[in-house]
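Next comes structure.cif, with mmCIF, C-alpha atoms and all ligand atoms.
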```
data_input
loop_
_atom_site.label_atom_id
_atom_site.label_comp_id
_atom_site.auth_asym_id
_atom_site.auth_seq_id
_atom_site.Cartn_x
_atom_site.Cartn_y
_atom_site.Cartn_z
CA MET A 1 104.08 112.88 133.66
CA MET A 2 103.18 109.20 133.11
CA PRO A 3 100.05 109.28 130.97
CA THR A 4 96.92 107.14 130.79
CA ILE A 5 96.09 106.53 127.13
CA LEU A 6 93.28 104.74 125.27
CA ALA A 7 94.49 103.18 122.01
CA ILE A 8 92.37 101.95 119.09
CA GLU A 9 93.46 99.48 116.39
CA SER A 10 91.23 98.92 113.34
CA SER A 11 93.58 98.48 110.37
CA CYS A 12 92.29 95.11 109.14
CA ASP A 13 89.87 92.55 110.58
CA ASP A 14 90.43 92.93 114.35
CA THR A 15 88.70 95.68 116.32
CA SER A 16 90.85 96.31 119.38
CA ALA A 17 91.09 98.80 122.23
CA ALA A 18 93.77 98.97 124.93
CA VAL A 19 94.54 101.13 127.95
CA ILE A 20 98.09 101.96 129.01
CA LYS A 21 98.73 103.48 132.44
CA ASP A 22 102.22 104.61 133.42
CA GLY A 23 103.69 102.52 130.59
CA LYS A 24 101.86 99.35 131.71
CA ILE A 25 99.05 97.71 129.75
CA GLY A 26 95.86 97.73 131.86
CA ALA A 27 93.55 96.23 129.22
CA ASN A 28 93.79 94.78 125.72
CA ILE A 29 90.45 93.79 124.21
CA VAL A 30 90.35 92.24 120.73
CA ALA A 31 87.17 91.45 118.74
CA THR A 32 88.09 89.24 115.80
CA GLN A 33 85.65 89.45 112.90
CA ALA A 34 84.27 86.04 111.96
CA VAL A 35 82.23 87.43 109.05
CA HIS A 36 85.13 86.97 106.57
CA GLU A 37 85.48 83.20 107.06
CA LYS A 38 82.92 82.19 104.45
CA TYR A 39 84.59 84.41 101.82
CA GLY A 40 88.07 82.90 102.29
CA GLY A 41 89.66 86.31 102.97
CA VAL A 42 89.04 89.77 104.42
CA VAL A 43 86.23 91.66 102.63
CA PRO A 44 87.11 95.36 103.17
CA GLU A 45 83.53 96.69 103.16
CA LEU A 46 82.41 94.07 105.69
CA ALA A 47 85.45 94.83 107.85
CA SER A 48 84.50 98.53 108.04
CA ARG A 49 80.93 97.71 109.05
CA ALA A 50 82.05 95.22 111.70
CA HIS A 51 84.49 97.81 113.15
CA GLU A 52 81.60 100.29 113.31
CA GLN A 53 79.53 97.76 115.29
CA ASN A 54 82.35 96.59 117.56
CA ILE A 55 84.14 99.78 118.43
CA ILE A 56 81.94 101.10 121.26
CA PRO A 57 81.58 97.75 123.09
CA VAL A 58 85.32 97.05 122.70
CA VAL A 59 86.30 100.50 124.05
CA SER A 60 83.80 100.23 126.93
CA GLN A 61 85.20 96.82 127.85
CA ALA A 62 88.79 98.14 127.77
CA LEU A 63 87.94 101.04 130.12
CA LEU A 64 86.06 98.67 132.43
CA THR A 65 88.90 96.13 132.51
CA ALA A 66 91.46 98.86 133.22
CA ASN A 67 89.13 100.15 135.95
CA ILE A 68 89.08 103.72 134.65
CA THR A 69 86.59 106.12 133.09
CA LYS A 70 87.00 108.37 130.05
CA ARG A 71 87.76 111.27 132.42
CA ASP A 72 90.99 109.54 133.51
CA LEU A 73 92.42 109.63 129.98
CA ASN A 74 95.28 111.96 129.04
CA ALA A 75 95.24 111.11 125.31
CA VAL A 76 93.55 108.96 122.67
CA ALA A 77 95.65 107.05 120.13
CA PHE A 78 94.71 105.31 116.88
CA THR A 79 96.32 103.39 114.02
CA ARG A 80 96.64 105.82 111.09
CA GLY A 81 97.96 103.19 108.62
CA PRO A 82 98.99 101.13 106.78
CA GLY A 83 95.77 99.14 106.41
CA LEU A 84 92.36 99.12 104.75
CA LEU A 85 91.03 102.65 104.25
CA GLY A 86 87.45 102.05 105.41
CA ALA A 87 88.64 100.04 108.41
CA LEU A 88 91.16 102.70 109.46
CA LEU A 89 88.53 105.42 109.02
CA VAL A 90 86.37 103.93 111.77
CA GLY A 91 89.20 103.94 114.34
CA CYS A 92 90.44 107.38 113.29
CA SER A 93 87.00 109.04 113.40
CA PHE A 94 86.18 107.45 116.75
CA ALA A 95 89.52 108.48 118.31
CA LYS A 96 89.27 112.00 116.92
CA SER A 97 85.72 112.51 118.22
CA LEU A 98 86.59 111.20 121.66
CA ALA A 99 89.74 113.33 121.95
CA LEU A 100 87.81 116.42 120.81
CA GLY A 101 84.97 115.75 123.25
CA LEU A 102 87.33 115.22 126.18
CA HIS A 103 89.66 118.11 125.22
CA ILE A 104 92.70 115.82 125.28
CA PRO A 105 95.41 115.25 122.66
CA LEU A 106 95.22 112.78 119.78
CA ILE A 107 98.15 110.51 118.86
CA GLU A 108 98.51 108.74 115.50
CA VAL A 109 100.46 105.49 115.28
CA ASN A 110 102.07 103.61 112.39
CA HIS A 111 100.84 100.00 112.53
CA MET A 112 104.22 98.48 111.56
CA GLN A 113 106.11 100.53 114.15
CA ALA A 114 103.52 99.41 116.71
CA HIS A 115 104.18 95.73 115.89
CA ILE A 116 107.84 96.35 116.75
CA LEU A 117 107.07 98.23 119.98
CA ALA A 118 105.03 95.21 121.13
CA HIS A 119 108.46 94.10 122.42
CA PHE A 120 108.28 96.70 125.18
CA ILE A 121 105.03 95.41 126.69
CA GLU A 122 106.67 92.57 128.63
CA GLU A 123 110.12 91.41 129.73
CA PRO A 124 112.63 90.62 128.33
CA LYS A 125 112.99 93.80 126.28
CA PRO A 126 115.56 94.13 123.48
CA ALA A 127 118.41 96.64 123.84
CA PHE A 128 118.98 99.31 121.16
CA PRO A 129 120.04 99.00 118.43
CA PHE A 130 118.26 95.77 117.48
CA LEU A 131 117.08 94.16 114.27
CA CYS A 132 113.41 93.31 113.91
CA LEU A 133 112.02 90.92 111.32
CA THR A 134 108.49 92.28 110.96
CA VAL A 135 106.27 89.72 109.26
CA SER A 136 102.53 90.18 108.78
CA GLY A 137 99.75 89.73 106.27
CA GLY A 138 100.68 92.96 104.51
CA HIS A 139 104.40 93.46 105.18
CA THR A 140 107.75 91.69 105.37
CA GLN A 141 110.55 93.94 106.58
CA ILE A 142 113.94 93.86 108.25
CA VAL A 143 114.01 96.98 110.41
CA LEU A 144 116.98 98.53 112.19
CA VAL A 145 115.50 99.83 115.44
CA LYS A 146 117.73 102.59 116.83
CA ASP A 147 115.33 103.87 119.47
CA TYR A 148 111.63 103.69 120.40
CA LEU A 149 110.67 106.10 117.63
CA GLN A 150 113.72 105.89 115.40
CA MET A 151 113.65 103.08 112.86
CA GLU A 152 115.10 102.38 109.44
CA ILE A 153 113.83 99.76 106.98
CA LEU A 154 116.86 97.82 105.71
CA GLY A 155 114.95 95.47 103.42
CA GLN A 156 111.42 94.48 102.47
CA THR A 157 109.37 92.36 100.11
CA SER A 158 109.12 93.41 96.50
CA ASP A 159 105.79 91.61 95.99
CA ASP A 160 103.71 89.47 98.38
CA ALA A 161 104.12 89.60 102.16
CA VAL A 162 105.11 86.34 103.83
CA GLY A 163 101.74 86.18 105.68
CA GLU A 164 100.04 86.45 102.31
CA ALA A 165 102.25 83.60 101.03
CA PHE A 166 101.14 81.46 104.00
CA ASP A 167 97.48 82.33 103.42
CA LYS A 168 97.57 81.84 99.64
CA SER A 169 99.43 78.51 99.95
CA ALA A 170 96.83 77.34 102.44
CA LYS A 171 94.04 78.39 100.06
CA LEU A 172 95.66 76.46 97.18
CA LEU A 173 95.67 73.40 99.45
CA GLY A 174 91.96 73.89 100.12
CA LEU A 175 92.41 74.92 103.78
CA PRO A 176 89.87 77.30 105.32
CA TYR A 177 90.63 80.98 106.08
CA PRO A 178 92.69 82.17 107.91
CA GLY A 179 95.16 79.80 106.31
CA GLY A 180 98.44 80.73 108.04
CA PRO A 181 97.67 79.29 111.50
CA MET A 182 96.07 76.18 109.94
CA LEU A 183 99.12 75.51 107.73
CA ASP A 184 101.31 75.94 110.83
CA LYS A 185 99.25 73.37 112.75
CA LEU A 186 99.38 70.78 109.96
CA ALA A 187 103.12 71.37 109.42
CA GLN A 188 103.84 70.31 113.00
CA THR A 189 103.32 66.62 112.17
CA GLY A 190 104.88 66.75 108.68
CA ASN A 191 108.32 66.17 107.21
CA PRO A 192 109.76 69.53 106.03
CA ASP A 193 112.34 67.82 103.79
CA LYS A 194 109.84 65.72 101.82
CA TYR A 195 109.30 68.28 99.02
CA SER A 196 111.44 71.18 97.92
CA PHE A 197 110.17 74.67 97.10
CA PRO A 198 112.28 77.57 95.82
CA ILE A 199 114.11 79.91 98.21
CA VAL A 200 114.32 83.11 96.17
CA ASN A 201 117.41 85.24 96.77
CA MET A 202 116.75 88.95 96.12
CA PRO A 203 119.44 91.67 96.17
CA GLY A 204 120.44 93.12 99.55
CA TYR A 205 117.98 92.47 102.35
CA ASP A 206 114.91 92.30 100.13
CA PHE A 207 112.46 89.42 99.75
CA SER A 208 110.19 88.00 97.06
CA PHE A 209 107.37 85.53 97.69
CA SER A 210 105.48 85.49 94.40
CA GLY A 211 107.69 82.77 92.87
CA ILE A 212 106.96 80.24 95.58
CA LYS A 213 103.22 80.73 95.03
CA THR A 214 103.59 79.78 91.33
CA ALA A 215 105.83 76.85 92.29
CA ILE A 216 103.17 75.55 94.70
CA LEU A 217 100.45 75.93 92.09
CA ASN A 218 102.48 73.89 89.55
CA PHE A 219 103.42 71.33 92.21
CA ILE A 220 99.74 70.78 93.05
CA LYS A 221 98.68 70.61 89.39
CA ASN A 222 101.38 68.11 88.41
CA ASN A 223 100.86 65.83 91.38
CA THR A 224 97.06 65.82 91.40
CA ALA A 225 97.06 65.03 87.65
CA GLN A 226 98.74 61.72 88.54
CA ASN A 227 96.90 61.13 91.81
CA PRO A 228 93.70 63.09 92.56
CA ASP A 229 94.10 62.34 96.30
CA PHE A 230 97.70 63.56 96.42
CA ILE A 231 96.98 66.57 98.65
CA SER A 232 94.82 64.78 101.22
CA GLN A 233 97.31 61.89 101.41
CA ASN A 234 100.35 64.12 101.98
CA LEU A 235 98.96 67.28 103.59
CA PRO A 236 101.21 67.54 106.69
CA ASP A 237 104.38 66.92 104.62
CA ILE A 238 103.33 69.49 101.99
CA CYS A 239 102.55 72.08 104.69
CA ALA A 240 105.84 71.43 106.52
CA SER A 241 107.82 71.72 103.26
CA ILE A 242 106.14 75.00 102.23
CA GLN A 243 106.57 76.44 105.72
CA GLN A 244 110.25 75.51 105.74
CA ALA A 245 110.86 77.26 102.38
CA LEU A 246 109.14 80.44 103.64
CA ILE A 247 111.06 80.41 106.91
CA LEU A 248 114.44 79.78 105.25
CA THR A 249 113.78 82.68 102.83
CA LEU A 250 113.30 84.96 105.84
CA MET A 251 116.25 83.59 107.81
CA LYS A 252 118.72 83.97 104.93
CA LYS A 253 118.28 87.75 104.89
CA LEU A 254 118.03 88.08 108.64
CA VAL A 255 121.40 86.31 109.02
CA LEU A 256 122.92 88.57 106.36
CA ALA A 257 121.62 91.72 108.07
CA ALA A 258 122.88 90.53 111.46
CA GLN A 259 126.32 89.74 110.04
CA GLU A 260 126.69 92.98 108.10
CA THR A 261 125.46 95.27 110.90
CA GLY A 262 127.19 93.26 113.64
CA ILE A 263 123.96 93.37 115.68
CA LYS A 264 123.14 90.35 117.86
CA GLU A 265 119.89 91.65 119.39
CA ILE A 266 117.30 90.02 117.10
CA ALA A 267 113.52 90.32 117.36
CA ILE A 268 110.54 89.09 115.36
CA ALA A 269 107.15 90.83 115.24
CA GLY A 270 103.80 90.77 113.41
CA GLY A 271 101.21 88.04 112.83
CA VAL A 272 103.60 85.52 111.27
CA SER A 273 105.82 85.68 114.40
CA ALA A 274 103.07 83.50 115.92
CA ASN A 275 104.24 80.71 113.58
CA SER A 276 105.64 77.82 115.63
CA GLY A 277 108.24 76.92 112.98
CA LEU A 278 109.60 80.48 112.81
CA ARG A 279 109.69 80.73 116.62
CA ARG A 280 111.64 77.46 116.83
CA THR A 281 114.01 78.33 113.97
CA ILE A 282 114.95 81.72 115.39
CA GLN A 283 115.88 80.07 118.69
CA GLU A 284 118.04 77.50 116.87
CA TYR A 285 119.83 80.27 114.95
CA ALA A 286 120.35 82.16 118.22
CA LYS A 287 122.50 79.25 119.46
CA ILE A 288 124.48 79.07 116.21
CA TYR A 289 125.11 82.81 115.81
CA GLY A 290 125.18 83.91 119.46
CA TRP A 291 122.07 86.09 119.16
CA ASN A 292 119.80 87.28 121.94
CA THR A 293 116.35 86.70 120.47
CA TYR A 294 113.03 88.33 121.36
CA ILE A 295 109.65 86.81 120.48
CA PRO A 296 106.40 88.50 121.62
CA ALA A 297 103.71 86.57 123.51
CA PHE A 298 101.09 85.21 121.04
CA GLU A 299 98.49 87.85 121.96
CA TYR A 300 100.93 90.61 120.95
CA CYS A 301 102.01 89.01 117.63
CA THR A 302 98.73 89.32 115.74
CA ASP A 303 96.88 92.64 115.55
CA ASN A 304 96.10 94.21 118.93
CA ALA A 305 95.72 97.67 120.44
CA ALA A 306 98.24 97.07 123.27
CA MET A 307 101.09 97.58 120.81
CA VAL A 308 99.43 100.79 119.57
CA ALA A 309 99.12 101.94 123.19
CA MET A 310 102.83 101.21 123.82
CA ASN A 311 103.78 103.21 120.74
CA ALA A 312 101.47 106.05 121.82
CA HIS A 313 103.08 106.09 125.27
CA TYR A 314 106.50 106.88 123.78
CA LYS A 315 104.98 109.41 121.38
CA PHE A 316 103.25 111.13 124.32
CA LEU A 317 106.55 111.33 126.23
CA ALA A 318 108.22 112.74 123.08
CA GLY A 319 105.42 115.30 122.61
CA GLN A 320 104.39 113.89 119.23
CA PHE A 321 100.69 114.73 118.90
CA SER A 322 98.34 114.94 115.91
CA ASN A 323 96.00 117.78 115.00
CA GLN A 324 92.29 117.78 114.18
CA TYR A 325 93.03 117.18 110.49
CA ALA A 326 94.49 113.72 111.18
CA SER A 327 93.23 111.25 108.58
CA PRO A 328 93.87 107.60 107.76
CA ASP A 329 96.63 106.71 105.31
CA PRO A 330 96.31 103.15 103.88
CA ARG A 331 99.90 103.27 102.59
CA LEU A 332 101.48 105.10 105.50
CA LYS A 333 105.27 104.81 105.25
CA MET A 334 107.68 104.35 108.13
CA THR A 335 109.63 107.57 107.89
CA PHE A 336 111.53 107.86 111.14
O1 LIG B 1 99.92 91.24 111.97
P1 LIG B 1 98.70 90.56 111.50
O2 LIG B 1 97.73 90.04 112.53
O3 LIG B 1 97.87 91.49 110.55
C1 LIG B 1 98.51 92.31 109.60
O4 LIG B 1 99.00 93.39 110.01
O5 LIG B 1 98.57 91.86 108.44
O6 LIG B 1 99.17 89.35 110.56
C2 LIG B 1 98.24 88.50 109.96
C3 LIG B 1 99.00 87.44 109.18
C4 LIG B 1 98.08 86.57 108.32
O7 LIG B 1 98.65 86.42 107.05
C5 LIG B 1 98.08 85.24 109.09
O8 LIG B 1 97.85 84.12 108.28
C6 LIG B 1 99.49 85.24 109.63
O9 LIG B 1 99.70 86.57 110.06
N1 LIG B 1 99.62 84.30 110.76
C7 LIG B 1 100.35 83.15 110.68
C8 LIG B 1 100.20 82.50 111.92
N2 LIG B 1 99.38 83.27 112.72
C9 LIG B 1 99.05 84.37 111.98
N3 LIG B 1 101.09 82.65 109.69
C10 LIG B 1 101.72 81.48 109.91
N4 LIG B 1 101.62 80.79 111.07
C11 LIG B 1 100.88 81.25 112.10
N5 LIG B 1 100.80 80.57 113.24
ZN ZN B 2 99.45 93.76 111.84
#
```
Would you mind writing the structure in this file as structure tokens?
Amino acid sequence: MMPTILAIESSCDDTSAAVIKDGKIGANIVATQAVHEKYGGVVPELASRAHEQNIIPVVSQALLTANITKRDLNAVAFTRGPGLLGALLVGCSFAKSLALGLHIPLIEVNHMQAHILAHFIEEPKPAFPFLCLTVSGGHTQIVLVKDYLQMEILGQTSDDAVGEAFDKSAKLLGLPYPGGPMLDKLAQTGNPDKYSFPIVNMPGYDFSFSGIKTAILNFIKNNTAQNPDFISQNLPDICASIQQALILTLMKKLVLAAQETGIKEIAIAGGVSANSGLRRTIQEYAKIYGWNTYIPAFEYCTDNAAMVAMNAHYKFLAGQFSNQYASPDPRLKMTF
């Protein structure tokens, strides 16, 4: 049976609902919460309240766009974690109530696995096994993807996520939230070789991004002490140089993992895979190392329910359902 599934994503500051029919996305509605802008970062309590307000309109819009009613659904899926507890709770409670009311199964999804399965929404699709560099605001991982639901984390960050490093760097430069996309935009006209920032080499396939944050802080302090207008006069070059250091830190380990596993199918996923510098770099490396690279469309890089729906589709086919005790888990691990 090819199921019709409604999927809900509410792990952070995007309320999203998607419909998947016969393995094809029929709707993907995302309501981004603007309320956090004036605070310079996501305020968890405000995120929960905004999810509560957005969830019914977003779900209604998804059903309308997919041209179905609730009665056509064969299952309801939701993001169980990782994410913010209060935010996850809204999606979980909504999905659970709807599944109970409709007498259909519930499917829980791991947010990081969903980011990876975003690669199966559109062509071209990677072949198994492939390596996925999963880079978001909360995670930085190199994952060995053996099958749709079989994944192994080869390496990860020991402190900050790379998205966090982008956002914190942007904040130190006085850029408005969300900083990552803004830093990317400014970097496009800058010289990445103008300033040098550390590329930390951790053991194995692991990463560390806390050192670069301190380096940036010192760099700003030292330079603005001599010239108070240093940042505004050199902003594109500073952004390009920071972005290059972050990208090269990621690429160093990705190259190592590709060489040591012998895998040439290479994918990137998560919010930071929207970064234009990373997208360009991965394509350059593909030529050098003979990789086949896979980069999701922008709408499937940052948080969205279509990827949750895709993940739920494969879980449905594998008979992996949740029970009525399903609850959110902010630190949900990828144990597949
Ligand atoms: O996957 P995502 O939407 O949410 C999480 O699961 O965390 O990722 C959000 C992260 C944020 O840190 C954001 O600044 C970063 O992805 N991001 C970017 C870009 N677009 C989003 N970072 C750098 N360049 C971008 N273009
Ligand atoms: Zn995410």
Which residues are near Val145 in chain A? Cut-off 8 Å, all atoms listed in the file, ignore same chain within fewer than 6 positions. Put them as a compact mmCIF listing (two decimals) with C-alpha atoms, in the frame of the given file.
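So around.txt came out as:
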```txt
# COMPACT_ATOMS: atom_id res chain seq x y z
CA PHE A 128 118.98 99.31 121.16
CA PRO A 129 120.04 99.00 118.43
CA PHE A 130 118.26 95.77 117.48
CA LEU A 131 117.08 94.16 114.27
CA CYS A 132 113.41 93.31 113.91
CA MET A 151 113.65 103.08 112.86
CA GLU A 152 115.10 102.38 109.44
```
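You will find CA of Thr15 in chain A at 8.0 Å from CA of Asn304 in chain A.
Nearest-residue note for ligand LIG 1 (chain B): choosing from A:Asp193, A:Glu9, A:Asp229, A:Glu265, the minimum distance belongs to A:Glu9, counting only C-alpha atoms and all ligand atoms.
Each of A:Pro228, A:Pro57, A:Gly180, A:Pro126 was compared to ligand LIG 1 (chain B) using all atoms listed in the file, and A:Gly180 turns out to be the nearest.
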Practice problem: Around ligand ZN 2 (chain B), at most 10 Å away and counting all atoms listed in the file, which residues are there? Put them as a list of chain:residue names, please. | Solution: A:Glu9, A:Ser10, A:Ser11, A:Cys12, A:Asp13, A:Asp14, A:Pro82, A:Gly83, A:His111, A:Met112, A:Gln113, A:Ala114, A:His115, A:Thr134, A:Val135, A:Ser136, A:Gly137, A:Gly138, A:His139, A:Ala269, A:Gly270, A:Gly271, A:Val272, A:Tyr300, A:Cys301, A:Thr302, A:Asp303, A:Asn304, A:Met307
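Reported to one decimal place, the separation of CA of Thr79 in chain A from CA of Phe94 in chain A is 11.3 Å.
What separates CA of Ile153 in chain A from CA of Gln244 in chain A is a distance of 24.5 Å.
Distance check against ligand LIG 1 (chain B) using only C-alpha atoms and all ligand atoms: of A:Gln150, A:Ser327, A:Asn223, A:Ser169, the minimum falls on A:Ser169.
With distances restricted to all atoms listed in the file, A:Thr140 is the closest residue to ligand LIG 1 (chain B) from A:Thr140, A:Thr293, A:Gln226, A:Thr69.
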